[in-house]
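Text of the file coords10.csv, holding CSV, C-alpha atoms:
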```
chain,number,residue,atom,x,y,z
A,1,MET,CA,-68.9,72.3,-39.2
A,2,HIS,CA,-68.0,75.6,-37.6
A,3,ARG,CA,-64.6,76.8,-38.7
A,4,VAL,CA,-63.6,78.3,-35.4
A,5,ALA,CA,-64.3,74.9,-33.7
A,6,ILE,CA,-61.9,73.3,-36.2
A,7,PHE,CA,-59.3,75.9,-35.6
A,8,PHE,CA,-59.3,75.4,-31.8
A,9,LEU,CA,-59.1,71.6,-32.2
A,10,VAL,CA,-56.1,71.8,-34.5
A,11,LEU,CA,-54.5,74.4,-32.1
A,12,THR,CA,-54.9,71.9,-29.2
A,13,PHE,CA,-53.1,69.3,-31.2
A,14,CYS,CA,-50.2,71.5,-32.2
A,15,ILE,CA,-49.7,72.8,-28.7
A,16,ALA,CA,-49.7,69.2,-27.3
A,17,ALA,CA,-47.2,68.2,-29.9
A,18,VAL,CA,-44.7,70.8,-28.7
A,19,ALA,CA,-43.4,68.4,-26.0
A,20,GLN,CA,-45.0,65.0,-26.3
A,21,GLY,CA,-44.0,62.2,-24.0
A,22,GLY,CA,-45.7,59.2,-22.5
A,23,ASN,CA,-46.6,58.7,-18.9
A,24,GLY,CA,-45.3,56.3,-16.3
A,25,ALA,CA,-42.0,54.3,-16.7
A,26,ILE,CA,-38.7,55.9,-17.7
A,27,SER,CA,-36.5,54.3,-20.2
A,28,THR,CA,-33.2,54.8,-22.0
A,29,VAL,CA,-33.3,54.8,-25.8
A,30,GLN,CA,-30.1,53.6,-27.5
A,31,VAL,CA,-29.5,54.2,-31.2
A,32,ARG,CA,-26.9,52.7,-33.4
A,33,ILE,CA,-26.4,54.2,-36.9
A,34,LEU,CA,-25.3,51.8,-39.6
A,35,THR,CA,-24.4,52.2,-43.3
A,36,ASP,CA,-26.0,50.0,-46.0
A,37,SER,CA,-23.0,47.6,-45.6
A,38,GLU,CA,-23.9,47.2,-41.9
A,39,ARG,CA,-20.9,49.2,-40.7
A,40,PRO,CA,-21.2,51.9,-38.0
A,41,ILE,CA,-20.9,55.4,-39.3
A,42,THR,CA,-17.6,57.1,-38.5
A,43,GLU,CA,-18.7,60.7,-38.9
A,44,ARG,CA,-20.4,62.8,-36.3
A,45,ALA,CA,-24.2,62.9,-36.8
A,46,ARG,CA,-27.1,64.5,-35.2
A,47,VAL,CA,-29.9,62.1,-33.8
A,48,GLN,CA,-33.2,63.6,-32.9
A,49,LEU,CA,-35.9,61.8,-30.9
A,50,LEU,CA,-39.2,63.0,-32.2
A,51,SER,CA,-42.8,62.6,-31.1
A,52,SER,CA,-44.9,60.4,-33.3
A,53,THR,CA,-46.1,63.6,-35.1
A,54,GLY,CA,-42.6,64.9,-35.7
A,55,ALA,CA,-42.1,67.4,-32.8
A,56,GLU,CA,-38.6,67.3,-31.3
A,57,VAL,CA,-38.4,65.7,-27.9
A,58,ALA,CA,-34.6,65.4,-27.4
A,59,GLU,CA,-31.4,65.6,-29.4
A,60,ASN,CA,-27.9,64.0,-29.2
A,61,PHE,CA,-24.8,63.5,-31.3
A,62,THR,CA,-23.2,60.2,-32.2
A,63,ILE,CA,-20.0,58.9,-30.7
A,64,ASP,CA,-18.6,55.9,-32.6
A,65,GLY,CA,-21.9,55.6,-34.4
A,66,MET,CA,-24.0,55.5,-31.3
A,67,ALA,CA,-26.3,57.9,-29.4
A,68,GLN,CA,-28.3,57.6,-26.3
A,69,PHE,CA,-31.4,59.3,-24.7
A,70,GLU,CA,-32.0,58.9,-21.0
A,71,GLY,CA,-35.1,59.6,-19.0
A,72,ILE,CA,-37.5,58.9,-21.8
A,73,ARG,CA,-41.1,58.3,-20.8
A,74,ASN,CA,-43.0,55.4,-22.5
A,75,GLY,CA,-44.8,56.5,-25.6
A,76,SER,CA,-44.6,56.6,-29.4
A,77,TYR,CA,-41.6,58.1,-31.0
A,78,ARG,CA,-39.5,58.4,-34.2
A,79,LEU,CA,-35.8,59.0,-34.9
A,80,ARG,CA,-34.3,61.4,-37.4
A,81,VAL,CA,-30.6,61.1,-38.2
A,82,THR,CA,-28.8,63.8,-40.2
A,83,GLY,CA,-25.2,64.3,-41.2
A,84,ILE,CA,-23.0,65.7,-43.9
A,85,ASN,CA,-22.1,62.6,-45.9
A,86,PHE,CA,-25.3,60.5,-45.8
A,87,GLU,CA,-28.9,61.2,-46.7
A,88,ASP,CA,-31.3,62.3,-44.0
A,89,THR,CA,-33.2,59.4,-42.5
A,90,THR,CA,-36.4,59.4,-40.4
A,91,THR,CA,-37.7,56.1,-39.0
A,92,PRO,CA,-41.3,54.9,-38.8
A,93,ALA,CA,-42.9,55.4,-35.4
A,94,PHE,CA,-42.0,52.9,-32.6
A,95,ASP,CA,-43.1,52.4,-29.1
A,96,VAL,CA,-41.1,52.7,-25.9
A,97,LEU,CA,-42.9,50.3,-23.6
A,98,PRO,CA,-43.4,50.6,-19.8
A,99,GLN,CA,-41.5,47.3,-19.2
A,100,GLU,CA,-38.5,48.4,-21.2
A,101,THR,CA,-35.5,49.6,-19.2
A,102,THR,CA,-33.5,50.0,-22.4
A,103,SER,CA,-35.0,50.4,-25.9
A,104,MET,CA,-32.5,49.6,-28.6
A,105,HIS,CA,-32.9,50.8,-32.2
A,106,TYR,CA,-30.8,50.4,-35.3
A,107,VAL,CA,-31.0,53.0,-38.1
A,108,HIS,CA,-29.6,52.3,-41.6
A,109,VAL,CA,-28.5,55.4,-43.6
A,110,LYS,CA,-27.6,55.7,-47.2
A,111,MET,CA,-24.3,57.3,-47.9
A,112,LYS,CA,-24.2,60.1,-50.5
A,113,SER,CA,-22.5,59.8,-53.8
A,114,VAL,CA,-18.7,59.7,-53.9
A,115,ALA,CA,-16.6,62.4,-55.6
A,116,GLY,CA,-17.1,62.5,-59.4
A,117,THR,CA,-20.8,61.4,-59.3
A,118,PRO,CA,-23.9,63.5,-58.8
A,119,ALA,CA,-24.8,64.1,-55.2
A,120,PRO,CA,-28.5,63.9,-54.1
A,121,SER,CA,-30.3,67.2,-54.5
A,122,GLY,CA,-32.2,69.0,-51.7
A,123,PRO,CA,-31.4,71.1,-48.7
A,124,ALA,CA,-29.1,70.0,-45.9
A,125,THR,CA,-31.3,69.7,-42.8
A,126,VAL,CA,-28.4,69.5,-40.4
A,127,SER,CA,-26.3,72.7,-39.8
A,128,SER,CA,-22.5,72.2,-40.0
A,129,ALA,CA,-22.4,74.5,-37.0
A,130,ASP,CA,-24.5,72.0,-35.0
A,131,LEU,CA,-21.9,69.3,-35.6
A,132,ILE,CA,-19.1,71.2,-33.8
A,133,ILE,CA,-21.0,72.0,-30.6
A,134,PRO,CA,-18.8,72.3,-27.5
A,135,PRO,CA,-19.4,69.5,-24.9
A,136,LYS,CA,-20.6,71.9,-22.2
A,137,ALA,CA,-23.2,73.3,-24.5
A,138,GLN,CA,-24.3,69.8,-25.5
A,139,LYS,CA,-24.6,69.0,-21.8
A,140,GLU,CA,-26.9,72.0,-21.2
A,141,PHE,CA,-29.0,71.1,-24.2
A,142,LYS,CA,-29.4,67.5,-23.0
A,143,GLU,CA,-30.4,68.7,-19.5
A,144,GLY,CA,-32.8,71.2,-21.0
A,145,SER,CA,-34.4,68.4,-23.1
A,146,GLN,CA,-34.8,66.2,-20.0
A,147,ALA,CA,-36.4,69.1,-18.1
A,148,MET,CA,-38.8,69.5,-21.0
A,149,GLN,CA,-39.7,65.8,-20.7
A,150,HIS,CA,-40.7,66.5,-17.1
A,151,SER,CA,-42.6,69.8,-17.9
A,152,ASP,CA,-40.0,71.8,-16.0
A,153,TRP,CA,-40.2,74.7,-18.3
A,154,LYS,CA,-38.3,77.2,-16.1
A,155,GLY,CA,-35.4,74.8,-15.6
A,156,ALA,CA,-35.4,73.9,-19.3
A,157,ALA,CA,-35.3,77.6,-20.4
A,158,GLU,CA,-32.3,78.2,-18.1
A,159,HIS,CA,-30.4,75.2,-19.6
A,160,PHE,CA,-31.1,76.3,-23.2
A,161,ASP,CA,-30.1,79.9,-22.4
A,162,ARG,CA,-26.8,78.6,-21.0
A,163,ALA,CA,-26.3,76.4,-24.1
A,164,THR,CA,-26.7,79.5,-26.4
A,165,THR,CA,-24.4,81.6,-24.2
A,166,ILE,CA,-21.7,78.9,-24.4
A,167,TYR,CA,-22.3,78.4,-28.1
A,168,PRO,CA,-24.2,81.3,-29.8
A,169,GLN,CA,-24.6,79.3,-33.1
A,170,TYR,CA,-26.7,76.6,-31.4
A,171,ALA,CA,-29.7,76.6,-33.7
A,172,SER,CA,-31.5,73.7,-32.0
A,173,ALA,CA,-31.2,75.3,-28.6
A,174,TYR,CA,-32.8,78.5,-29.8
A,175,ASN,CA,-35.6,76.5,-31.4
A,176,ASN,CA,-36.3,74.7,-28.1
A,177,ARG,CA,-36.1,77.9,-26.2
A,178,GLY,CA,-38.8,79.3,-28.5
A,179,VAL,CA,-41.0,76.3,-27.8
A,180,ILE,CA,-40.8,77.0,-24.1
A,181,ALA,CA,-41.6,80.7,-24.6
A,182,MET,CA,-44.6,79.8,-26.7
A,183,LYS,CA,-45.9,77.5,-24.0
A,184,SER,CA,-45.5,80.4,-21.5
A,185,ASN,CA,-47.3,82.8,-23.9
A,186,ASP,CA,-44.1,84.9,-24.2
A,187,VAL,CA,-44.7,85.7,-27.9
A,188,ALA,CA,-41.8,88.1,-28.3
A,189,THR,CA,-39.2,85.7,-27.0
A,190,ALA,CA,-40.7,82.8,-29.0
A,191,LYS,CA,-40.5,84.8,-32.2
A,192,ALA,CA,-37.0,86.0,-31.6
A,193,SER,CA,-35.9,82.5,-30.7
A,194,PHE,CA,-37.4,80.8,-33.7
A,195,GLN,CA,-36.1,83.5,-36.0
A,196,LYS,CA,-32.6,83.1,-34.6
A,197,ALA,CA,-32.8,79.3,-35.2
A,198,ILE,CA,-33.9,80.0,-38.8
A,199,ASP,CA,-31.1,82.6,-39.3
A,200,LEU,CA,-28.5,80.2,-38.0
A,201,HIS,CA,-29.9,77.2,-40.0
A,202,GLU,CA,-32.3,78.2,-42.8
A,203,ASN,CA,-33.1,74.5,-43.5
A,204,SER,CA,-34.5,73.8,-40.0
A,205,GLY,CA,-37.9,72.4,-40.7
A,206,SER,CA,-38.8,72.3,-37.0
A,207,ALA,CA,-38.1,76.0,-36.6
A,208,TYR,CA,-40.4,76.9,-39.5
A,209,LEU,CA,-43.0,74.6,-38.1
A,210,ASN,CA,-42.8,76.2,-34.7
A,211,MET,CA,-42.9,79.8,-36.1
A,212,GLY,CA,-46.0,78.7,-38.0
A,213,ARG,CA,-47.6,77.4,-34.8
A,214,LEU,CA,-46.9,80.7,-33.2
A,215,TYR,CA,-48.7,82.6,-36.0
A,216,LEU,CA,-51.6,80.1,-35.7
A,217,LEU,CA,-51.9,81.1,-32.0
A,218,GLU,CA,-52.2,84.7,-33.2
A,219,ARG,CA,-54.8,83.7,-35.8
A,220,ASN,CA,-52.5,85.1,-38.5
A,221,PHE,CA,-53.4,82.4,-40.9
A,222,GLU,CA,-51.6,83.8,-43.9
A,223,GLU,CA,-48.2,83.9,-42.1
A,224,ALA,CA,-48.9,80.5,-40.5
A,225,ALA,CA,-49.5,79.0,-43.9
A,226,ARG,CA,-46.3,80.6,-45.3
A,227,TYR,CA,-44.2,79.0,-42.6
A,228,MET,CA,-46.0,75.6,-42.9
A,229,ASN,CA,-45.2,75.6,-46.6
A,230,LYS,CA,-41.6,76.3,-45.9
A,231,SER,CA,-41.5,73.5,-43.3
A,232,LEU,CA,-43.1,71.1,-45.7
A,233,GLU,CA,-40.5,71.9,-48.3
A,234,LEU,CA,-38.0,70.4,-45.9
A,235,SER,CA,-40.2,67.7,-44.4
A,236,PRO,CA,-43.0,67.0,-47.0
A,237,ASN,CA,-44.7,64.3,-45.0
A,238,ASN,CA,-45.1,65.9,-41.6
A,239,PRO,CA,-48.8,65.3,-40.7
A,240,GLU,CA,-49.0,68.2,-38.3
A,241,ALA,CA,-47.7,70.8,-40.8
A,242,LEU,CA,-50.1,69.4,-43.4
A,243,THR,CA,-53.0,69.6,-41.0
A,244,ILE,CA,-52.2,73.1,-39.9
A,245,LEU,CA,-51.8,74.2,-43.5
A,246,ALA,CA,-55.2,72.7,-44.4
A,247,ASP,CA,-56.7,74.6,-41.4
A,248,CYS,CA,-55.1,77.9,-42.6
A,249,ASP,CA,-56.3,77.3,-46.1
A,250,ILE,CA,-59.9,76.9,-45.1
A,251,ALA,CA,-59.6,80.0,-42.8
A,252,THR,CA,-58.5,82.1,-45.8
A,253,GLY,CA,-61.1,80.7,-48.2
A,254,HIS,CA,-58.7,78.5,-50.2
A,255,TYR,CA,-61.0,75.5,-50.0
A,256,ALA,CA,-59.4,73.4,-52.8
A,257,ASP,CA,-56.0,73.8,-51.2
A,258,ALA,CA,-57.4,72.8,-47.9
A,259,VAL,CA,-58.8,69.6,-49.3
A,260,GLU,CA,-55.5,68.8,-51.0
A,261,ALA,CA,-53.4,69.4,-47.9
A,262,ALA,CA,-55.8,67.4,-45.7
A,263,ARG,CA,-55.8,64.5,-48.1
A,264,ARG,CA,-52.1,64.4,-48.1
A,265,VAL,CA,-52.3,63.8,-44.3
A,266,HIS,CA,-54.1,60.6,-45.0
A,267,LEU,CA,-51.3,59.3,-47.3
A,268,VAL,CA,-48.8,59.3,-44.4
A,269,PRO,CA,-48.9,57.9,-40.9
A,270,HIS,CA,-51.1,60.5,-39.1
A,271,GLU,CA,-51.8,59.2,-35.6
A,272,ARG,CA,-53.5,62.0,-33.7
A,273,PHE,CA,-54.3,63.9,-36.8
A,274,ALA,CA,-57.5,62.2,-38.0
A,275,VAL,CA,-59.0,65.7,-37.6
A,276,ALA,CA,-57.6,66.4,-41.1
A,277,HIS,CA,-60.6,64.5,-42.4
A,278,VAL,CA,-62.9,67.0,-40.6
A,279,ILE,CA,-61.1,69.9,-42.2
A,280,ALA,CA,-61.4,68.2,-45.6
A,281,ALA,CA,-65.1,67.6,-45.1
A,282,ALA,CA,-65.8,71.2,-44.1
A,283,ALA,CA,-63.9,72.5,-47.1
A,284,LEU,CA,-65.8,70.1,-49.4
A,285,GLU,CA,-69.1,71.4,-48.0
A,286,LYS,CA,-68.0,74.9,-48.9
A,287,GLN,CA,-67.4,73.6,-52.4
A,288,ASN,CA,-70.9,72.1,-52.5
A,289,ASP,CA,-69.6,68.5,-52.6
A,290,PRO,CA,-71.7,66.8,-50.0
A,291,LYS,CA,-70.8,63.3,-51.3
A,292,GLY,CA,-67.1,64.0,-50.7
A,293,ALA,CA,-67.8,65.6,-47.4
A,294,VAL,CA,-69.7,62.5,-46.2
A,295,ALA,CA,-66.8,60.3,-47.1
A,296,GLU,CA,-64.4,62.4,-45.1
A,297,TYR,CA,-66.6,62.5,-42.0
A,298,GLN,CA,-67.1,58.7,-42.2
A,299,GLN,CA,-63.3,58.2,-42.5
A,300,PHE,CA,-62.8,60.5,-39.5
A,301,LEU,CA,-65.2,58.4,-37.4
A,302,LYS,CA,-63.5,55.2,-38.6
A,303,GLU,CA,-60.1,56.4,-37.5
A,304,ASP,CA,-61.0,58.2,-34.3
A,305,PRO,CA,-64.5,57.2,-33.1
A,306,ASN,CA,-63.9,58.3,-29.6
A,307,SER,CA,-62.7,61.8,-30.5
A,308,PRO,CA,-64.4,64.8,-28.8
A,309,ARG,CA,-65.3,65.8,-32.3
A,310,ALA,CA,-67.0,62.5,-33.1
A,311,ALA,CA,-70.5,63.7,-32.0
A,312,GLY,CA,-70.2,66.8,-34.3
A,313,ALA,CA,-69.1,64.6,-37.2
A,314,ARG,CA,-72.2,62.4,-36.7
A,315,ARG,CA,-74.5,65.4,-36.6
A,316,ALA,CA,-72.9,66.6,-39.8
A,317,LEU,CA,-73.6,63.2,-41.4
A,318,GLU,CA,-77.2,63.4,-40.2
A,319,ARG,CA,-77.6,66.9,-41.7
A,320,LEU,CA,-76.2,65.5,-45.0
A,321,GLY,CA,-78.6,62.6,-44.9
A,322,ALA,CA,-75.9,59.9,-44.5
A,323,SER,CA,-75.0,57.4,-41.8
A,324,ALA,CA,-71.8,57.2,-39.8
A,325,ASN,CA,-70.9,53.9,-41.5
A,326,GLN,CA,-69.3,53.6,-44.9
```

Can you present the structure in this file as structure tokens?
Amino acid sequence: MHRVAIFFLVLTFCIAAVAQGGNGAISTVQVRILTDSERPITERARVQLLSSTGAEVAENFTIDGMAQFEGIRNGSYRLRVTGINFEDTTTPAFDVLPQETTSMHYVHVKMKSVAGTPAPSGPATVSSADLIIPPKAQKEFKEGSQAMQHSDWKGAAEHFDRATTIYPQYASAYNNRGVIAMKSNDVATAKASFQKAIDLHENSGSAYLNMGRLYLLERNFEEAARYMNKSLELSPNNPEALTILADCDIATGHYADAVEAARRVHLVPHERFAVAHVIAAAALEKQNDPKGAVAEYQQFLKEDPNSPRAAGARRALERLGASANQ
């Protein structure tokens, strides 16, 4: 399969994931954060509403263990909860249905070790600066996120700019500002915004992911791969980052690495990223492994038979002397 065709398909996915939302009905998503002992958390925590692929849709902070997202379109989402005294938690995907006026979700978090015992290793994915954001800056961020939900890019940019003016340490606002700039093909602003988000919070997996997307748009596969790897250090199971990394690996001739990254996608929920199997198949063909390539093409057709790439996968199977069925 032609490598450029694969690149443009993955690019379409990663751009669409920047601001995913469903269509139709609008709902309120309510979130209650509980400890293992079923008690509401007492500390301030960040709650992110993510698309099913891990892209940030909206963000809020808890009050008395609760957070709320308004104006959410029906669709598939996840929740990520981060704080200082408990382990980062990301939920499985869930659906906000058209008939739901309010969608209520409970997230259980595991508290970190008490003093005198070892604390869990790994980077903190919430910035302490993000936990002391002034209410006015939070309000601008919330309104900017809602504007993004309705594809009001100009209005969203104005809100995020005001948020960072009020609170210059607002890493998440810089990150979202970069997303809007990228969608507007303003590369310079996008790079500056993502870099600012990284500088303010070096463990922001979404900022590294977005910077990698930007380099992918520029066809700078080496830099895109570098940022994808950094993003994956922080969020190892992000299917979009793994898919883009696999695409970058095949573009730079690292076929074994491309296969490894693509197969990791299959090990995690990867709705909308069945294309990873096409990338794996192309890399396996480059490695003269037609049997392995056939299995990947067949798995792709099993997962996404109505994809625009399905016809190409079937032609590849015919060329390899195999059928579309396993």

Within 12 Å of segment 253-257 of chain A, which residues of segment 204-237 of chain A show up? Give each one with its shortest atom-to-atom distance in Å (one decimal) and the two atoms involved, counting only C-alpha atoms, rows by chain then rising residue number, as a Markdown table.
```
| residue | atom | partner | partner_atom | distance |
| --- | --- | --- | --- | --- |
| A:Phe221 | CA | A:Gly253 | CA | 10.7 |
| A:Glu222 | CA | A:His254 | CA | 10.9 |
| A:Ala225 | CA | A:Asp257 | CA | 11.1 |
| A:Asn229 | CA | A:Asp257 | CA | 11.9 |
```

Work out how far atom CA of Ala197 of chain A is from atom CA of Asn175 of chain A, in Å to one decimal. 5.5 Å

Contacts of Gly71 of chain A at 8 Å or less, counting all atoms listed in the file, minus same-chain residues fewer than 5 places along, as a short mmCIF file (atom, residue, chain, number, x, y, z; two decimals) with C-alpha atoms, keeping the file's coordinate frame?
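Written file, around-v1.cif:
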```cif
data_model
loop_
_atom_site.label_atom_id
_atom_site.label_comp_id
_atom_site.auth_asym_id
_atom_site.auth_seq_id
_atom_site.Cartn_x
_atom_site.Cartn_y
_atom_site.Cartn_z
CA ILE A 26 -38.70 55.90 -17.70
CA SER A 27 -36.50 54.30 -20.20
CA THR A 28 -33.20 54.80 -22.00
CA GLN A 146 -34.80 66.20 -20.00
CA GLN A 149 -39.70 65.80 -20.70
#
```

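Every protein or nucleic acid residue with an atom no more than 10 Å from Glu38 of chain A, counting all atoms listed in the file and leaving out same-chain residues fewer than 5 positions away, appears here: Ile33, Val107, His108 and Val109 of chain A.
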
Is it possible to get the residues within 10 Å of (-32.1, 65.4, -40.7) (coordinates as in the file, counting only C-alpha atoms) written as an mmCIF file with C-alpha atoms, keeping the file's coordinate frame?
```
data_model
loop_
_atom_site.group_PDB
_atom_site.id
_atom_site.type_symbol
_atom_site.label_atom_id
_atom_site.label_comp_id
_atom_site.auth_asym_id
_atom_site.auth_seq_id
_atom_site.Cartn_x
_atom_site.Cartn_y
_atom_site.Cartn_z
ATOM 1 C CA ALA A 45 -24.200 62.900 -36.800
ATOM 2 C CA ARG A 46 -27.100 64.500 -35.200
ATOM 3 C CA VAL A 47 -29.900 62.100 -33.800
ATOM 4 C CA GLN A 48 -33.200 63.600 -32.900
ATOM 5 C CA LEU A 79 -35.800 59.000 -34.900
ATOM 6 C CA ARG A 80 -34.300 61.400 -37.400
ATOM 7 C CA VAL A 81 -30.600 61.100 -38.200
ATOM 8 C CA THR A 82 -28.800 63.800 -40.200
ATOM 9 C CA GLY A 83 -25.200 64.300 -41.200
ATOM 10 C CA ILE A 84 -23.000 65.700 -43.900
ATOM 11 C CA PHE A 86 -25.300 60.500 -45.800
ATOM 12 C CA GLU A 87 -28.900 61.200 -46.700
ATOM 13 C CA ASP A 88 -31.300 62.300 -44.000
ATOM 14 C CA THR A 89 -33.200 59.400 -42.500
ATOM 15 C CA THR A 90 -36.400 59.400 -40.400
ATOM 16 C CA PRO A 123 -31.400 71.100 -48.700
ATOM 17 C CA ALA A 124 -29.100 70.000 -45.900
ATOM 18 C CA THR A 125 -31.300 69.700 -42.800
ATOM 19 C CA VAL A 126 -28.400 69.500 -40.400
ATOM 20 C CA SER A 127 -26.300 72.700 -39.800
ATOM 21 C CA ASN A 203 -33.100 74.500 -43.500
ATOM 22 C CA SER A 204 -34.500 73.800 -40.000
ATOM 23 C CA GLY A 205 -37.900 72.400 -40.700
ATOM 24 C CA LEU A 234 -38.000 70.400 -45.900
ATOM 25 C CA SER A 235 -40.200 67.700 -44.400
#
```

Once you count all atoms listed in the file, what closest atom pair and distance in Å to one decimal does each residue of segment 225-296 of chain A within 9 Å of segment 206-214 of chain A have, with rows by chain and rising residue number, as a tab-separated table?
```
residue	atom	partner	partner_atom	distance
A:Ala225	CA	A:Gly212	CA	6.9
A:Arg226	CA	A:Gly212	CA	7.5
A:Tyr227	CA	A:Gly212	CA	4.9
A:Met228	CA	A:Leu209	CA	5.7
A:Asn229	CA	A:Tyr208	CA	8.7
A:Lys230	CA	A:Tyr208	CA	6.5
A:Ser231	CA	A:Tyr208	CA	5.2
A:Leu232	CA	A:Leu209	CA	8.4
A:Ser235	CA	A:Ser206	CA	8.8
A:Glu240	CA	A:Leu209	CA	8.8
A:Ala241	CA	A:Leu209	CA	6.6
A:Ile244	CA	A:Arg213	CA	8.1
```

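For the residues A:Thr42, A:Ser307, A:Thr252, A:Ser184, ranking by smallest atom-to-atom distance to Lys154 of chain A using only C-alpha atoms places A:Ser184 first.
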
Selection: 10 Å around Lys139 of chain A, only C-alpha atoms, excl. self and same-chain fewer than 2 positions, as JSON, numbers by chain: {"A": [60, 133, 134, 135, 136, 137, 141, 142, 143, 144, 145, 159, 160, 162, 163]}

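Nearest residue to Ile166 of chain A, choosing from A:Ile63, A:Arg272, A:Glu140, A:Asp304 and counting only C-alpha atoms: A:Glu140.
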
One residue among A:Ala262, A:Met182, A:Ile198, A:Val275 is nearest to Gln298 of chain A when using all atoms listed in the file, and that residue is A:Val275

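Put simply, atom CA of Lys183 of chain A is 8.5 Å away from atom CA of Trp153 of chain A.
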
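Within 10 Å of the point (-73.5, 61.2, -35.5) in file coordinates, and counting all atoms listed in the file, lie the residues Tyr297, Gln298, Leu301, Arg309, Ala310, Ala311, Gly312, Ala313, Arg314, Arg315, Ala316, Leu317, Glu318, Arg319, Ala322, Ser323, Ala324 and Asn325 of chain A.
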
Model the absent atoms of segment 95-110 of chain A so that N, CA and C atoms are present, and write the result as an mmCIF file, in the frame of the given file.
```cif
data_model
loop_
_atom_site.group_PDB
_atom_site.id
_atom_site.type_symbol
_atom_site.label_atom_id
_atom_site.label_comp_id
_atom_site.auth_asym_id
_atom_site.auth_seq_id
_atom_site.Cartn_x
_atom_site.Cartn_y
_atom_site.Cartn_z
ATOM 1 N N ASP A 95 -42.674 52.235 -30.436
ATOM 2 C CA ASP A 95 -43.100 52.400 -29.100
ATOM 3 C C ASP A 95 -42.034 52.125 -28.067
ATOM 4 N N VAL A 96 -41.899 52.984 -27.089
ATOM 5 C CA VAL A 96 -41.100 52.700 -25.900
ATOM 6 C C VAL A 96 -42.053 52.206 -24.843
ATOM 7 N N LEU A 97 -41.932 50.947 -24.487
ATOM 8 C CA LEU A 97 -42.900 50.300 -23.600
ATOM 9 C C LEU A 97 -42.583 50.458 -22.149
ATOM 10 N N PRO A 98 -43.597 50.431 -21.283
ATOM 11 C CA PRO A 98 -43.400 50.600 -19.800
ATOM 12 C C PRO A 98 -42.397 49.612 -19.241
ATOM 13 N N GLN A 99 -42.401 48.384 -19.774
ATOM 14 C CA GLN A 99 -41.500 47.300 -19.200
ATOM 15 C C GLN A 99 -40.112 47.398 -19.694
ATOM 16 N N GLU A 100 -39.803 48.294 -20.640
ATOM 17 C CA GLU A 100 -38.500 48.400 -21.200
ATOM 18 C C GLU A 100 -37.571 49.319 -20.393
ATOM 19 N N THR A 101 -36.522 48.788 -19.822
ATOM 20 C CA THR A 101 -35.500 49.600 -19.200
ATOM 21 C C THR A 101 -34.659 50.305 -20.238
ATOM 22 N N THR A 102 -34.314 49.533 -21.268
ATOM 23 C CA THR A 102 -33.500 50.000 -22.400
ATOM 24 C C THR A 102 -34.248 49.666 -23.694
ATOM 25 N N SER A 103 -34.405 50.637 -24.581
ATOM 26 C CA SER A 103 -35.000 50.400 -25.900
ATOM 27 C C SER A 103 -33.972 50.642 -26.951
ATOM 28 N N MET A 104 -33.563 49.565 -27.649
ATOM 29 C CA MET A 104 -32.500 49.600 -28.600
ATOM 30 C C MET A 104 -33.008 49.716 -30.024
ATOM 31 N N HIS A 105 -32.416 50.617 -30.842
ATOM 32 C CA HIS A 105 -32.900 50.800 -32.200
ATOM 33 C C HIS A 105 -31.715 50.957 -33.161
ATOM 34 N N TYR A 106 -31.816 50.289 -34.307
ATOM 35 C CA TYR A 106 -30.800 50.400 -35.300
ATOM 36 C C TYR A 106 -31.379 51.181 -36.515
ATOM 37 N N VAL A 107 -30.615 52.156 -36.983
ATOM 38 C CA VAL A 107 -31.000 53.000 -38.100
ATOM 39 C C VAL A 107 -30.022 52.854 -39.223
ATOM 40 N N HIS A 108 -30.485 52.464 -40.395
ATOM 41 C CA HIS A 108 -29.600 52.300 -41.600
ATOM 42 C C HIS A 108 -29.695 53.598 -42.405
ATOM 43 N N VAL A 109 -28.545 54.142 -42.760
ATOM 44 C CA VAL A 109 -28.500 55.400 -43.600
ATOM 45 C C VAL A 109 -27.832 55.065 -44.906
ATOM 46 N N LYS A 110 -28.191 55.833 -45.910
ATOM 47 C CA LYS A 110 -27.600 55.700 -47.200
ATOM 48 C C LYS A 110 -26.570 56.762 -47.460
#
```
